[in-house]
>>> print(open('upload_10.txt').read())   # compact mmCIF, C-alpha atoms
# COMPACT_ATOMS: atom_id res chain seq x y z
CA MET A 1 15.21 1.01 -13.61
CA LEU A 2 17.69 -1.05 -15.64
CA ARG A 3 16.27 0.47 -18.80
CA LYS A 4 16.89 3.96 -17.44
CA THR A 5 20.42 3.15 -16.38
CA SER A 6 21.24 1.49 -19.69
CA TRP A 7 20.23 4.63 -21.55
CA TYR A 8 21.94 6.90 -19.01
CA PHE A 9 18.67 8.45 -17.87
CA LEU A 10 19.30 8.12 -14.14
CA PRO A 11 20.07 11.49 -12.51
CA THR A 12 23.59 10.75 -11.37
CA LEU A 13 25.59 13.79 -10.31
CA ALA A 14 27.68 13.42 -13.46
CA ASN A 15 24.54 13.64 -15.62
CA LEU A 16 23.17 16.56 -13.63
CA PHE A 17 26.52 18.35 -13.84
CA SER A 18 26.61 17.96 -17.63
CA ARG A 19 23.19 19.61 -17.74
CA ARG A 20 24.39 22.41 -15.43
CA LEU A 21 21.91 21.45 -12.71
CA VAL A 22 24.51 20.94 -9.98
CA VAL A 23 27.89 22.51 -9.30
CA ASP A 24 29.58 19.45 -7.82
CA ALA A 25 29.65 15.97 -9.39
CA LEU A 26 31.83 14.20 -6.82
CA CYS A 27 30.58 11.02 -5.18
CA PRO A 28 28.59 12.04 -2.04
CA ARG A 29 29.82 9.01 -0.10
CA TYR A 30 33.61 9.28 -0.49
CA SER A 31 34.18 12.43 -2.62
CA GLU A 32 37.02 10.77 -4.48
CA LYS A 33 35.68 10.47 -8.03
CA VAL A 34 32.87 11.78 -10.19
CA GLU A 35 29.60 10.02 -9.49
CA ASP A 36 28.69 8.24 -12.72
CA PHE A 37 27.19 4.81 -13.40
CA ILE A 38 30.52 3.00 -13.13
CA ARG A 39 31.30 4.69 -9.82
CA ILE A 40 27.89 3.90 -8.28
CA PHE A 41 27.48 0.30 -9.37
CA GLN A 42 31.06 -0.95 -9.76
CA GLU A 43 33.78 1.12 -8.12
CA CYS A 44 32.21 2.44 -4.90
CA PRO A 45 33.69 0.52 -1.91
CA THR A 46 30.21 0.10 -0.41
CA THR A 47 28.93 -1.38 -3.67
CA VAL A 48 31.93 -3.71 -3.89
CA GLU A 49 31.12 -4.93 -0.38
CA VAL A 50 27.52 -5.61 -1.44
CA TRP A 51 28.61 -7.72 -4.43
CA GLU A 52 31.05 -9.68 -2.28
CA LEU A 53 28.51 -10.45 0.45
CA LEU A 54 25.96 -11.61 -2.14
CA ASN A 55 28.57 -13.79 -3.89
CA LEU A 56 28.33 -11.64 -7.00
CA ASN A 57 31.84 -10.21 -6.92
CA TRP A 58 32.53 -12.05 -10.19
CA ILE A 59 30.52 -9.35 -12.01
CA LEU A 60 33.41 -6.93 -11.31
CA SER A 61 35.90 -9.11 -13.17
CA ASN A 62 34.71 -7.87 -16.56
CA SER A 63 36.70 -4.90 -17.81
CA VAL A 64 33.82 -3.56 -19.94
CA THR A 65 33.28 0.12 -19.22
CA ASN A 66 30.06 0.49 -21.20
CA TYR A 67 27.19 0.03 -18.78
CA TRP A 68 24.82 -1.56 -21.31
CA GLU A 69 27.41 -4.13 -22.37
CA TRP A 70 28.13 -4.89 -18.71
CA VAL A 71 24.46 -5.52 -17.90
CA THR A 72 23.98 -7.63 -21.05
CA TRP A 73 26.96 -9.77 -20.05
CA ILE A 74 25.57 -10.28 -16.52
CA PHE A 75 22.15 -11.32 -17.83
CA LYS A 76 23.71 -14.37 -19.42
CA CYS A 77 24.02 -15.86 -15.94
CA PRO A 78 21.34 -18.08 -14.29
CA ASP A 79 17.96 -16.54 -13.44
CA LYS A 80 18.51 -16.65 -9.68
CA GLN A 81 21.68 -14.58 -9.92
CA CYS A 82 19.99 -12.16 -12.33
CA ARG A 83 17.22 -11.60 -9.80
CA THR A 84 19.73 -10.94 -7.03
CA PHE A 85 21.61 -8.55 -9.31
CA CYS A 86 18.45 -6.58 -10.20
CA CYS A 87 17.37 -6.30 -6.56
CA SER A 88 20.85 -5.17 -5.60
CA ILE A 89 20.96 -2.47 -8.28
CA TRP A 90 17.65 -1.17 -6.96
CA ALA A 91 18.84 -1.26 -3.34
CA ILE A 92 22.15 0.46 -4.13
CA TRP A 93 20.43 3.26 -6.03
CA THR A 94 17.82 3.69 -3.29
CA ASN A 95 20.53 3.93 -0.65
CA ARG A 96 22.38 6.45 -2.77
CA ASN A 97 19.25 8.64 -2.86
CA GLN A 98 18.78 8.32 0.89
CA LEU A 99 22.35 9.43 1.43
CA LEU A 100 22.04 12.38 -0.93
CA HIS A 101 18.63 13.66 0.17
CA GLU A 102 18.17 12.37 3.74
CA ARG A 103 21.78 12.04 4.90
CA LYS A 104 21.01 8.41 5.76
CA GLN A 105 24.01 6.20 5.14
CA SER A 106 23.97 2.39 5.11
CA THR A 107 26.87 -0.01 5.03
CA GLY A 108 27.36 -2.61 2.33
CA LYS A 109 26.39 -5.29 4.84
CA GLU A 110 23.08 -3.56 5.62
CA ILE A 111 22.24 -3.21 1.93
CA ALA A 112 23.12 -6.85 1.23
CA GLU A 113 21.02 -8.04 4.18
CA TRP A 114 18.06 -6.03 2.89
CA VAL A 115 18.40 -7.66 -0.54
CA VAL A 116 18.43 -11.13 1.02
CA ARG A 117 15.30 -10.36 3.09
CA TYR A 118 13.48 -8.94 0.08
CA ILE A 119 14.22 -11.99 -2.08
CA ARG A 120 13.03 -14.27 0.73
CA GLU A 121 9.75 -12.34 0.80
CA LEU A 122 9.37 -12.82 -2.95
CA GLU A 123 9.99 -16.53 -2.59
CA GLY A 124 7.47 -16.70 0.24
CA LEU A 125 4.81 -15.13 -1.94
CA LYS A 126 5.29 -17.88 -4.50
CA ASP A 127 4.64 -20.52 -1.85
CA LYS A 128 1.38 -18.96 -0.72
CA LYS A 129 -1.70 -20.37 -2.38
CA ILE A 130 -4.20 -17.81 -3.60
CA THR A 131 -7.76 -19.00 -3.07
CA ARG A 132 -11.00 -17.53 -4.34
CA LEU A 133 -14.43 -17.77 -2.84
CA LYS A 134 -16.77 -19.99 -4.77
CA GLY A 135 -19.76 -17.92 -5.69
CA ASN A 136 -20.85 -14.70 -4.00
CA GLU A 137 -20.99 -14.37 -0.25
CA GLU A 138 -24.50 -13.76 1.05
CA TRP A 139 -25.93 -12.12 4.15
CA ASN A 140 -25.73 -14.55 7.06
CA PRO A 141 -28.06 -14.44 10.06
CA LEU A 142 -26.65 -14.59 13.56
CA LEU A 143 -26.95 -17.61 15.80
CA ASP A 144 -27.61 -15.47 18.87
CA SER A 145 -30.40 -12.99 19.46
CA PHE A 146 -28.29 -10.06 18.31
CA ILE A 147 -29.39 -7.48 15.78
CA LYS A 148 -27.28 -6.90 12.70
CA ILE A 149 -27.45 -3.50 10.99
CA ASN A 150 -26.24 -3.12 7.42
CA PHE A 151 -25.52 0.23 5.81
CA ASN A 152 -24.69 1.42 2.32
CA ALA A 153 -24.38 4.71 0.46
CA SER A 154 -25.26 5.88 -3.02
CA PHE A 155 -23.77 8.98 -4.59
CA ASN A 156 -25.24 10.31 -7.84
CA GLN A 157 -22.49 12.56 -9.16
CA THR A 158 -24.55 13.96 -12.05
CA GLN A 159 -27.44 15.06 -9.85
CA ALA A 160 -25.36 15.52 -6.68
CA ARG A 161 -27.95 13.58 -4.67
CA PRO A 162 -26.26 11.42 -2.03
CA GLY A 163 -28.40 8.90 -0.21
CA SER A 164 -27.92 6.12 2.31
CA GLY A 165 -29.80 2.98 3.22
CA VAL A 166 -29.83 1.20 6.58
CA VAL A 167 -31.55 -2.05 7.50
CA ALA A 168 -31.65 -3.96 10.79
CA ARG A 169 -32.39 -7.70 10.87
CA ASN A 170 -32.57 -10.33 13.58
CA SER A 171 -31.34 -13.93 13.68
CA PHE A 172 -34.51 -15.07 11.86
CA CYS A 173 -33.68 -12.80 8.87
CA GLU A 174 -36.67 -10.64 9.81
CA ILE A 175 -36.39 -6.91 9.14
CA VAL A 176 -36.65 -5.11 12.47
CA ALA A 177 -36.28 -1.62 11.01
CA SER A 178 -35.04 0.13 7.90
CA LYS A 179 -34.68 3.65 6.64
CA THR A 180 -33.44 5.66 3.71
CA ILE A 181 -31.92 9.11 4.01
CA LEU A 182 -31.39 11.76 1.36
CA HIS A 183 -28.40 13.87 2.35
CA ARG A 184 -27.27 17.32 1.37
CA ALA A 185 -23.90 18.97 0.89
CA ILE A 186 -21.69 15.87 1.15
CA ALA A 187 -18.54 16.25 -0.89
CA SER A 188 -17.60 12.74 -1.98
CA PRO A 189 -18.71 9.08 -2.08
CA PHE A 190 -16.12 8.32 0.61
CA ALA A 191 -17.65 10.87 2.96
CA MET A 192 -21.08 9.52 2.06
CA GLU A 193 -20.08 6.06 3.31
CA GLY A 194 -19.11 7.61 6.64
CA HIS A 195 -22.50 9.30 6.99
CA ALA A 196 -24.27 6.04 6.12
CA CYS A 197 -22.37 4.27 8.91
CA PHE A 198 -23.36 7.08 11.28
CA GLN A 199 -27.01 6.45 10.37
CA ALA A 200 -26.57 2.74 11.17
CA LEU A 201 -25.41 3.57 14.70
CA LEU A 202 -28.16 6.14 15.07
CA LEU A 203 -30.73 3.49 14.20
CA GLY A 204 -29.21 1.15 16.76
CA LEU A 205 -29.54 3.81 19.48
CA GLN A 206 -33.09 4.60 18.43
CA LEU A 207 -33.97 0.91 18.77
CA ARG A 208 -32.22 0.89 22.18
CA LEU A 209 -30.12 -2.11 21.26
CA PRO A 210 -27.56 -3.09 23.94
CA ILE A 211 -25.49 -5.17 21.53
CA VAL A 212 -25.24 -4.56 17.80
CA ILE A 213 -23.22 -5.69 14.81
CA VAL A 214 -22.70 -3.08 12.10
CA GLU A 215 -21.88 -4.35 8.60
CA GLY A 216 -20.93 -2.49 5.44
CA ASP A 217 -18.89 -2.92 2.28
CA ALA A 218 -16.90 0.29 2.88
CA MET A 219 -13.67 -1.29 4.16
CA THR A 220 -11.86 1.95 5.02
CA ILE A 221 -14.80 3.33 6.99
CA ILE A 222 -15.18 0.05 8.89
CA LYS A 223 -11.48 0.10 9.81
CA LYS A 224 -11.72 3.69 11.05
CA CYS A 225 -14.76 2.84 13.17
CA LYS A 226 -12.99 -0.06 14.86
CA THR A 227 -10.29 2.16 16.30
CA ASP A 228 -10.49 4.92 18.89
CA HIS A 229 -7.58 6.85 17.42
CA GLN A 230 -8.15 10.35 16.11
CA ASP A 231 -8.86 10.35 12.38
CA LYS A 232 -7.25 13.02 10.21
CA SER A 233 -8.89 12.34 6.84
CA GLU A 234 -11.75 14.11 5.12
CA VAL A 235 -14.23 12.08 7.24
CA GLU A 236 -12.65 13.16 10.52
CA ALA A 237 -15.80 14.87 11.84
CA ILE A 238 -18.21 12.01 11.14
CA ILE A 239 -15.77 9.37 12.45
CA ARG A 240 -15.41 11.35 15.68
CA LYS A 241 -19.21 11.33 16.07
CA ILE A 242 -19.30 7.57 15.45
CA GLN A 243 -16.60 6.99 18.06
CA GLN A 244 -18.62 8.99 20.57
CA MET A 245 -21.80 7.05 19.76
CA LYS A 246 -20.08 3.71 20.43
CA GLY A 247 -20.38 4.46 24.13
CA GLY A 248 -24.16 4.19 23.87
CA PHE A 249 -23.95 0.41 23.41
CA GLN A 250 -22.88 -2.31 25.81
CA ARG A 251 -21.05 -3.93 22.93
CA ILE A 252 -20.70 -2.98 19.30
CA TYR A 253 -18.89 -4.78 16.50
CA PHE A 254 -17.96 -3.52 13.05
CA LYS A 255 -17.55 -5.98 10.21
CA HIS A 256 -16.63 -5.52 6.56
CA VAL A 257 -18.65 -7.60 4.08
CA PRO A 258 -18.62 -7.75 0.27
CA ARG A 259 -21.35 -6.01 -1.74
CA SER A 260 -23.05 -9.37 -2.37
CA ALA A 261 -23.74 -9.67 1.37
CA ASN A 262 -24.99 -6.10 1.57
CA THR A 263 -27.52 -6.04 -1.25
CA LEU A 264 -30.59 -4.94 0.73
CA ALA A 265 -28.88 -1.89 2.19
CA HIS A 266 -27.47 -1.12 -1.24
CA SER A 267 -30.95 -1.29 -2.82
CA LEU A 268 -32.34 1.07 -0.17
CA ALA A 269 -29.49 3.54 -0.73
CA THR A 270 -29.96 3.47 -4.49
CA GLU A 271 -33.73 3.97 -4.27
CA SER A 272 -33.26 6.93 -1.91
>>> encode(input="upload_10.txt", output="structure tokens")
Amino acid sequence: MLRKTSWYFLPTLANLFSRRLVVDALCPRYSEKVEDFIRIFQECPTTVEVWELLNLNWILSNSVTNYWEWVTWIFKCPDKQCRTFCCSIWAIWTNRNQLLHERKQSTGKEIAEWVVRYIRELEGLKDKKITRLKGNEEWNPLLDSFIKINFNASFNQTQARPGSGVVARNSFCEIVASKTILHRAIASPFAMEGHACFQALLLGLQLRLPIVIVEGDAMTIIKKCKTDHQDKSEVEAIIRKIQQMKGGFQRIYFKHVPRSANTLAHSLATES
């Protein structure tokens, strides 16, 4: 954004007026002066309040009127102040757009408080340690006598032959049942994952399982199956069927697993 502002690419009303795209270039907040870069980021009373609350009012002491020279001068300050400045420029411009297009007006205090919260979030991300799993996660048997059903889908775009694989195993890693299905007229791989999950529940009902755990590596499908809310995506119809089928079990759990823990179902789907 700073690059755009420094080269006067931002669509301020002054810029749009010079290109004959608007008929009025006055500041939408106070209608006192033409809305240019200096007005938005230096002279606007709301902006001045933001700089004061963030202890950056010293940036207004420079009499430079060229925006690029002003920004270059500010970037000679410590990194922490530069970060606050950049976040504030972004917040001020965003609020300006909300005022112009949504008639949503924020005070300087509200903008400054948002900047402070955002910077705290950035600092919090630095403190969080990112950990990685050592090796690939594998399929884990259950401690209880439950049955776990894994599903996966395969979608050959060149031949338009979607298939799904489903496998049910017990706590001894023994295969209780498995099946492969070759589908027709399914539009996308995403929809194919939904149909594969449907087949997993269908297998559970056919086996008359009271309690079942359904696993798959399709995270979005798993999330949709966990909820009872009406889905409005391209898989709406199949998700509605799955939600209805959940009533056929005493208890049913949906769990997302990585591909490495879903290899058998994936192999079945690919071979189908």
>>> residues_around(input="upload_10.txt", residues="range 233-235 of chain A", least_positions_apart="4", cutoff="10 Å", atoms="all atoms listed in the file", output="list in words")
Ala187, Ser188, Phe190, Ala191, Met192, Glu193, Gly194, His195, Ile221, Lys224, Ile239 and Arg240 of chain A
>>> closest_residue(input="upload_10.txt", among="A:Gln243, A:Ser267, A:Ser18, A:Asn152", to="Ala200 in chain A", atoms="all atoms listed in the file")
A:Asn152
>>> atom_distance(input="upload_10.txt", atom1="CA of Asp79 in chain A", atom2="CA of Leu54 in chain A")
14.7 Å
>>> atom_distance(input="upload_10.txt", atom1="CA of Met219 in chain A", atom2="CA of Gly248 in chain A")
23.0 Å
>>> residues_around(input="upload_10.txt", residues="Leu264 in chain A", least_positions_apart="4", cutoff="10 Å", atoms="all atoms listed in the file", output="list of chain:residue names")
A:Trp139, A:Asn150, A:Phe151, A:Asn152, A:Gly165, A:Val166, A:Val167, A:Ser178, A:Arg259, A:Ser260, A:Leu268, A:Ala269, A:Thr270
>>> closest_residue(input="upload_10.txt", among="A:Lys223, A:Gln42, A:Leu99, A:Phe198", to="Pro28 in chain A", atoms="all atoms listed in the file")
A:Leu99
>>> closest_residue(input="upload_10.txt", among="A:Pro189, A:Gly216, A:Pro78, A:Pro210", to="Asn262 in chain A", atoms="only C-alpha atoms")
A:Gly216
>>> atom_distance(input="upload_10.txt", atom1="CA of Tyr30 in chain A", atom2="CA of Glu69 in chain A")
26.4 Å
>>> closest_residue(input="upload_10.txt", among="A:Leu13, A:Arg19, A:Glu49, A:Gln244", to="Ser31 in chain A", atoms="only C-alpha atoms")
A:Leu13
>>> closest_residue(input="upload_10.txt", among="A:Val71, A:Ala25, A:Ala177, A:Ile111", to="Gly204 in chain A", atoms="all atoms listed in the file")
A:Ala177
>>> closest_residue(input="upload_10.txt", among="A:Asn170, A:Asn66, A:Ser164, A:Thr227", to="Ile211 in chain A", atoms="only C-alpha atoms")
A:Asn170
>>> axis_aligned_box(input="upload_10.txt", around="range 52-63 of chain A", padding_each_side="5 Å", output="lines of an AutoDock Vina configuration file")
center_x = 31.3
center_y = -9.3
center_z = -8.7
size_x = 20.7
size_y = 18.9
size_z = 28.3
>>> residues_around(input="upload_10.txt", residues="Phe41 in chain A", least_positions_apart="6", cutoff="9 Å", atoms="all atoms listed in the file", output="ChimeraX atom specification")
/A:47-48,89,92-93
>>> residues_around(input="upload_10.txt", residues="Glu43 in chain A", least_positions_apart="2", cutoff="12 Å", atoms="all atoms listed in the file", output="PDB file with C-alpha atoms, keeping the file's coordinate frame")
ATOM      1  CA  CYS A  27      30.580  11.020  -5.180  1.00  0.00           C
ATOM      2  CA  ARG A  29      29.820   9.010  -0.100  1.00  0.00           C
ATOM      3  CA  TYR A  30      33.610   9.280  -0.490  1.00  0.00           C
ATOM      4  CA  GLU A  32      37.020  10.770  -4.480  1.00  0.00           C
ATOM      5  CA  LYS A  33      35.680  10.470  -8.030  1.00  0.00           C
ATOM      6  CA  VAL A  34      32.870  11.780 -10.190  1.00  0.00           C
ATOM      7  CA  GLU A  35      29.600  10.020  -9.490  1.00  0.00           C
ATOM      8  CA  ASP A  36      28.690   8.240 -12.720  1.00  0.00           C
ATOM      9  CA  PHE A  37      27.190   4.810 -13.400  1.00  0.00           C
ATOM     10  CA  ILE A  38      30.520   3.000 -13.130  1.00  0.00           C
ATOM     11  CA  ARG A  39      31.300   4.690  -9.820  1.00  0.00           C
ATOM     12  CA  ILE A  40      27.890   3.900  -8.280  1.00  0.00           C
ATOM     13  CA  PHE A  41      27.480   0.300  -9.370  1.00  0.00           C
ATOM     14  CA  PRO A  45      33.690   0.520  -1.910  1.00  0.00           C
ATOM     15  CA  THR A  46      30.210   0.100  -0.410  1.00  0.00           C
ATOM     16  CA  THR A  47      28.930  -1.380  -3.670  1.00  0.00           C
ATOM     17  CA  VAL A  48      31.930  -3.710  -3.890  1.00  0.00           C
ATOM     18  CA  GLU A  49      31.120  -4.930  -0.380  1.00  0.00           C
ATOM     19  CA  VAL A  50      27.520  -5.610  -1.440  1.00  0.00           C
ATOM     20  CA  TRP A  51      28.610  -7.720  -4.430  1.00  0.00           C
ATOM     21  CA  ASN A  57      31.840 -10.210  -6.920  1.00  0.00           C
ATOM     22  CA  ILE A  59      30.520  -9.350 -12.010  1.00  0.00           C
ATOM     23  CA  LEU A  60      33.410  -6.930 -11.310  1.00  0.00           C
ATOM     24  CA  SER A  61      35.900  -9.110 -13.170  1.00  0.00           C
ATOM     25  CA  SER A  63      36.700  -4.900 -17.810  1.00  0.00           C
ATOM     26  CA  THR A  65      33.280   0.120 -19.220  1.00  0.00           C
TER      27      THR A  65
END
>>> residues_near_point(input="upload_10.txt", point="(-33.9, -9.2, 11.3)", cutoff="7 Å", atoms="all atoms listed in the file", output="ChimeraX atom specification")
/A:147,168-176
